[in-house]
Amino acid sequence: MDLAIWAAVLIASLICIYIVYDGLKVTRSAVLGEEILNYAPHDEYIDLKALREINPDIIGWLRIPGTSIDYPVVQGKNNDYYLVRDYMQEFATAGSIFLDYRNTIGDDFLIIYGHRMSYGGMFTDLIKFKDRLFFDEHEIGELFVDGAKWRLEIVAFGLIPASNHEIYDLRGNELREMMMRAMYVREATDGRYILLSTCDSENKAMRDVLLLRIVEQL
C-alpha cells in the first residue's frame with residue numbers, strides 16, 4: 001500500500017514537472033532571440049536582407065506601440081506552416097506572426113495572424129483593445145517592409161466568427177463587414193488595410209480582430 005502511494009506521488013510530481021517545463025517552453029518560443037533582435041527595426045530602417053538570411057520567409061516587422069506586439073512577420077506557402085513554427089522554422093507551440101499565404105505585400109487588404117498565448121506574447125495583447133479606454137488611447141502601429149516603413153492607423157476592433165468567410169476570403173467586402181461587426185470604430189476612409197487576427201480568450205469559435213489603415217509609407 002505504501003509503495004502504491006509513493007508511486008502515485010511520484011507520477012503526480014512528474015506530471016507537475018512536465019506541465020511547468022511545457023509552460024516554460026511555450027513562453028520561450030514566444031520570446032525573440034538575440035540573433036534576430038539585433039536586426040529589429042531601428043528608427044525608420046529595417047535590414048530585411050539580414051533578416052532573410054535568418055529566414056527567407058521573413059517579409060517585414062510589425063510593431064504596435066503600447067503592446068508586446070513587436071515581431072518579424074513571415075509568410076509560408078500555406079496558413080498552417082507557421083502556426084507551429086517560429087521565425088527559425090523550428091517547431092514552436094507559439095508559432096509565428098504570419099501574413100496570409102494568398103497575400104502579396106502590395107495588396108489593398110492584408111491579413112496577419114498570430115496565436116493568443118496564455119503566457120503572453122505573440123497576438124495576446126490584441127485582447128487589450130476590448131477595453132474602450134485602451135482603444136481610445138492607442139491609435140497607431142508600424143509595419144516595416146523592404147525599403148519602407150508604413151505608419152498604420154488603428155481604426156476598429158471587433159469579434160468575428162472564425163467561419164466568417166467574407167472577412168477572410170480577401171474578395172473586397174471585408175472592410176464593410178468588419179465595420180458592421182466592430183465593437184469600436186474610428187472614422188475611416190478608402191485606402192489599404194491590414195487585419196490582425198487571433199483566437200478570442202473566451203470563445204474559441206470567435207476571433208479578436210484589429211483593423212489598421214495604411215496612412216503613410218515612409
# chains A, B, ... in the order shown; residues from 1 in each chain; ligands from 1

call {"tool": "residues_around", "arguments": {"residues": "segment 69-85 of chain A", "least_positions_apart": "6", "cutoff": "7 Å", "atoms": "only C-alpha atoms", "output": "list in words"}}
result
Asp57, Ile58, Ile59, Gly60, Trp61, Leu62, Arg63, Phe91, Ala92, Thr93, Ala94, Gly95, Ser96, Ile97, Phe98, Leu99, Asp100, Tyr101, Met122 and Phe123 of chain A

call {"tool": "residues_around", "arguments": {"residues": "segment 198-213 of chain A", "least_positions_apart": "5", "cutoff": "9 Å", "atoms": "only C-alpha atoms", "output": "PDB file with C-alpha atoms, in the first residue's frame"}}
result
ATOM      1  CA  ILE A 112      -1.805  38.863 -40.466  1.00  0.00           C
ATOM      2  CA  TYR A 113      -2.346  36.032 -37.976  1.00  0.00           C
ATOM      3  CA  GLY A 114      -0.842  35.178 -34.603  1.00  0.00           C
ATOM      4  CA  HIS A 115      -1.610  32.963 -31.620  1.00  0.00           C
ATOM      5  CA  ARG A 116      -3.120  34.154 -28.369  1.00  0.00           C
ATOM      6  CA  SER A 118      -1.906  32.144 -22.080  1.00  0.00           C
ATOM      7  CA  PHE A 123      -1.004  38.447 -30.504  1.00  0.00           C
ATOM      8  CA  THR A 124      -2.139  38.048 -26.894  1.00  0.00           C
ATOM      9  CA  LEU A 126      -4.976  42.262 -29.028  1.00  0.00           C
ATOM     10  CA  ILE A 127      -7.341  41.499 -26.161  1.00  0.00           C
ATOM     11  CA  PHE A 129      -8.308  46.609 -27.290  1.00  0.00           C
ATOM     12  CA  LYS A 130     -11.533  45.206 -25.828  1.00  0.00           C
ATOM     13  CA  ILE A 140      -1.040  53.813 -34.277  1.00  0.00           C
ATOM     14  CA  GLY A 141       1.031  50.875 -35.441  1.00  0.00           C
ATOM     15  CA  ARG A 151       2.563  54.126 -40.470  1.00  0.00           C
ATOM     16  CA  LEU A 152      -0.705  52.460 -39.511  1.00  0.00           C
ATOM     17  CA  GLU A 153      -3.859  53.933 -38.017  1.00  0.00           C
ATOM     18  CA  ILE A 154      -5.915  51.656 -35.767  1.00  0.00           C
ATOM     19  CA  VAL A 155      -9.495  52.129 -36.958  1.00  0.00           C
ATOM     20  CA  ALA A 156     -11.552  49.270 -35.482  1.00  0.00           C
ATOM     21  CA  PHE A 157     -11.628  46.388 -33.026  1.00  0.00           C
ATOM     22  CA  GLY A 158     -14.183  43.609 -33.029  1.00  0.00           C
ATOM     23  CA  LEU A 159     -15.087  39.967 -32.523  1.00  0.00           C
ATOM     24  CA  ILE A 160     -15.999  37.879 -35.554  1.00  0.00           C
ATOM     25  CA  PRO A 161     -16.752  34.180 -36.090  1.00  0.00           C
ATOM     26  CA  ALA A 162     -13.789  32.178 -37.347  1.00  0.00           C
ATOM     27  CA  SER A 163     -16.124  30.846 -40.029  1.00  0.00           C
ATOM     28  CA  LEU A 175     -13.975  46.370 -44.611  1.00  0.00           C
ATOM     29  CA  MET A 178     -15.634  44.499 -40.268  1.00  0.00           C
ATOM     30  CA  ALA A 182     -16.790  46.072 -34.765  1.00  0.00           C
ATOM     31  CA  ALA A 188     -12.053  55.592 -41.759  1.00  0.00           C
ATOM     32  CA  THR A 189     -11.601  56.466 -45.412  1.00  0.00           C
ATOM     33  CA  ASP A 190     -10.765  54.491 -48.518  1.00  0.00           C
ATOM     34  CA  GLY A 191      -7.300  53.063 -48.673  1.00  0.00           C
ATOM     35  CA  ARG A 192      -5.243  49.992 -47.917  1.00  0.00           C
ATOM     36  CA  TYR A 193      -5.973  47.992 -44.785  1.00  0.00           C
TER      37      TYR A 193
END

call {"tool": "select_by_dssp", "arguments": {"residues": "segment 17-131 of chain A", "states": "alpha helix (DSSP H)", "output": "PyMOL selection string"}}
result
chain A and resi 17-29+34-37+48-54

call {"tool": "write_last_selection", "arguments": {"atoms": "C-alpha atoms", "output": "compact mmCIF listing (two decimals), in the first residue's frame"}}
result
# COMPACT_ATOMS: atom_id res chain seq x y z
CA ILE A 17 7.28 18.98 -13.59
CA TYR A 18 6.22 18.35 -17.19
CA ILE A 19 3.47 20.98 -17.00
CA VAL A 20 5.95 23.55 -15.71
CA TYR A 21 8.53 22.54 -18.34
CA ASP A 22 5.98 22.71 -21.15
CA GLY A 23 4.80 26.11 -19.96
CA LEU A 24 8.34 27.45 -19.91
CA LYS A 25 8.97 26.01 -23.36
CA VAL A 26 5.89 27.73 -24.76
CA THR A 27 6.90 31.00 -23.12
CA ARG A 28 10.42 30.83 -24.55
CA SER A 29 9.08 30.10 -28.04
CA GLU A 34 19.32 37.88 -29.79
CA GLU A 35 20.16 36.57 -33.27
CA ILE A 36 17.07 38.34 -34.63
CA LEU A 37 16.66 41.18 -32.13
CA LEU A 48 15.40 42.99 -44.35
CA LYS A 49 18.29 41.43 -46.25
CA ALA A 50 19.94 40.41 -42.96
CA LEU A 51 16.64 39.11 -41.60
CA ARG A 52 16.13 37.00 -44.70
CA GLU A 53 19.49 35.40 -44.15
CA ILE A 54 17.99 34.10 -40.90

call {"tool": "select_by_dssp", "arguments": {"residues": "segment 29-185 of chain A", "states": "strand (DSSP E or B)", "output": "ChimeraX atom specification"}}
result
/A:42,45,58-63,70-74,85,91,97-99,109-113,116,122,140-145,148-161,182-185

call {"tool": "atom_distance", "arguments": {"atom1": "atom CA of Val215 of chain A", "atom2": "atom CA of Tyr168 of chain A"}}
result
22.0 Å
